[in-house]
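Undergrad: My questions will all concern the structure given below.
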Amino acid sequence: VGLNDRLRKLQADKYPDFRVYCFGRSYVYRWFYAQLIYDVLWAGAAAFVVYLIVTLHVDSIFIGTASMWMILFSFPITLFTYRKLFGITNVSALHLTVVFVVLGISADNIFVLWDAWVQSGTYAPLAASYKKRMAYTYRRAYKAILATSSTTAFAFLSNGFSSLMPISAFGYFAFIIVPINYIL
């Protein structure tokens, strides 16, 4: 019989109203990192699903792959900006949730650009020139993407004024990543 079984029996026999719970820093870290790995797997699955949807919608593996790289590159650029330029060193588990937000925002931006591209093909003076179509696409789509990205960024900035450091740091991080993603 193991030690845990003996302790449970002793506790049940002699002290029926007394419960022993193991809770300490090592337990919390073990639980936290196990949960973190699980959540990172979900983030990877979400990125894969977004990649598939974008690739199928635009019917191009190149554009789908380039889009995912754009999303992935926004993270190290944001982390550099966040730490070196803004001088914020707090990175918490809450920062991982921005992955899901950026995936959604980026997919929306890609769909808006793609729809503008498709529309440019129906306009006869532009249909023959890819350069003119691309210029039209950007002129047509940038305002809508800028409006949605800036409102989202400033909504996250409002979290930056929280007195709770993890929430404040998350707000600043999300505020930085949204415009960087727009620029990319």
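Following the order of the structure tokens, chains are lettered A, B, ..., residues in each are numbered from 1, and ligands are numbered from 1.
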Using only C-alpha atoms, which residues sit within 7 Å of Ser74 (chain A) once same-chain residues fewer than 2 positions away are excluded, as a list in words?
TA: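 Non-adjacent residues within range: Met70, Ile71, Leu72, Pro76, Ile77, Thr78, Ile177, Ile180 and Asn181 of chain A.
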Undergrad: Please identify all polymer residues within 12 Å of His57 (chain A), counting only C-alpha atoms, omitting same-chain residues fewer than 2 positions from it, and present them as an mmCIF file with N, CA and C atoms, in the first residue's frame.
TA:
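Result file out18.cif:
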data_model
loop_
_atom_site.group_PDB
_atom_site.id
_atom_site.type_symbol
_atom_site.label_atom_id
_atom_site.label_comp_id
_atom_site.auth_asym_id
_atom_site.auth_seq_id
_atom_site.Cartn_x
_atom_site.Cartn_y
_atom_site.Cartn_z
ATOM 1 N N VAL A 50 -7.431 28.036 -39.967
ATOM 2 C CA VAL A 50 -7.465 29.325 -40.681
ATOM 3 C C VAL A 50 -6.674 29.218 -41.983
ATOM 4 N N TYR A 51 -5.528 28.551 -41.929
ATOM 5 C CA TYR A 51 -4.733 28.349 -43.145
ATOM 6 C C TYR A 51 -5.546 27.604 -44.208
ATOM 7 N N LEU A 52 -6.214 26.537 -43.810
ATOM 8 C CA LEU A 52 -7.029 25.775 -44.764
ATOM 9 C C LEU A 52 -8.159 26.615 -45.346
ATOM 10 N N ILE A 53 -8.843 27.351 -44.493
ATOM 11 C CA ILE A 53 -9.975 28.163 -44.966
ATOM 12 C C ILE A 53 -9.496 29.251 -45.921
ATOM 13 N N VAL A 54 -8.414 29.935 -45.561
ATOM 14 C CA VAL A 54 -7.881 30.986 -46.438
ATOM 15 C C VAL A 54 -7.425 30.379 -47.762
ATOM 16 N N THR A 55 -6.697 29.277 -47.696
ATOM 17 C CA THR A 55 -6.198 28.638 -48.912
ATOM 18 C C THR A 55 -7.334 28.185 -49.813
ATOM 19 N N ASP A 59 -8.143 29.944 -53.241
ATOM 20 C CA ASP A 59 -7.758 28.921 -54.219
ATOM 21 C C ASP A 59 -6.293 29.044 -54.624
ATOM 22 N N SER A 60 -5.441 29.323 -53.594
ATOM 23 C CA SER A 60 -4.014 29.462 -53.871
ATOM 24 C C SER A 60 -3.217 29.056 -52.636
ATOM 25 N N ILE A 61 -2.391 28.045 -52.802
ATOM 26 C CA ILE A 61 -1.530 27.616 -51.700
ATOM 27 C C ILE A 61 -0.495 28.703 -51.395
ATOM 28 N N ILE A 63 -0.779 32.049 -51.688
ATOM 29 C CA ILE A 63 -1.380 33.153 -50.922
ATOM 30 C C ILE A 63 -1.715 32.686 -49.508
ATOM 31 N N GLY A 64 -2.232 31.475 -49.356
ATOM 32 C CA GLY A 64 -2.522 30.941 -48.021
ATOM 33 C C GLY A 64 -1.271 30.826 -47.171
ATOM 34 N N ALA A 107 -7.332 36.923 -41.059
ATOM 35 C CA ALA A 107 -8.175 36.219 -42.032
ATOM 36 C C ALA A 107 -9.199 37.187 -42.624
ATOM 37 N N ASP A 108 -9.799 38.015 -41.792
ATOM 38 C CA ASP A 108 -10.750 39.013 -42.298
ATOM 39 C C ASP A 108 -10.075 39.962 -43.287
ATOM 40 N N ILE A 110 -7.459 39.416 -45.137
ATOM 41 C CA ILE A 110 -7.151 38.679 -46.363
ATOM 42 C C ILE A 110 -8.403 38.525 -47.217
ATOM 43 N N PHE A 111 -9.535 38.236 -46.576
ATOM 44 C CA PHE A 111 -10.783 38.078 -47.324
ATOM 45 C C PHE A 111 -11.228 39.396 -47.957
ATOM 46 N N VAL A 112 -11.056 40.504 -47.248
ATOM 47 C CA VAL A 112 -11.416 41.812 -47.806
ATOM 48 C C VAL A 112 -10.527 42.118 -49.011
ATOM 49 N N LEU A 113 -9.219 41.886 -48.867
ATOM 50 C CA LEU A 113 -8.306 42.111 -49.994
ATOM 51 C C LEU A 113 -8.636 41.203 -51.177
ATOM 52 N N TRP A 114 -8.936 39.951 -50.879
ATOM 53 C CA TRP A 114 -9.239 39.012 -51.962
ATOM 54 C C TRP A 114 -10.511 39.408 -52.701
ATOM 55 N N ASP A 115 -11.528 39.811 -51.966
ATOM 56 C CA ASP A 115 -12.766 40.230 -52.620
ATOM 57 C C ASP A 115 -12.550 41.470 -53.481
ATOM 58 N N VAL A 118 -10.861 40.247 -56.666
ATOM 59 C CA VAL A 118 -11.820 39.610 -57.571
ATOM 60 C C VAL A 118 -12.672 40.675 -58.263
#
Undergrad: Taking only C-alpha atoms into account, name the residue in A:Ala43, A:Ala128, A:Leu146, A:Leu184 that is nearest to Ser67 (chain A).
TA: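 Using only C-alpha atoms, Ser67 (chain A) sits closest to A:Leu184.
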Undergrad: Report the residues of chain A whose backbone DSSP state falls under alpha helix (DSSP H), written as a ChimeraX atom specification.
TA: /A:3-14,25-58,61-80,98-121,124-127,130-157,165-183
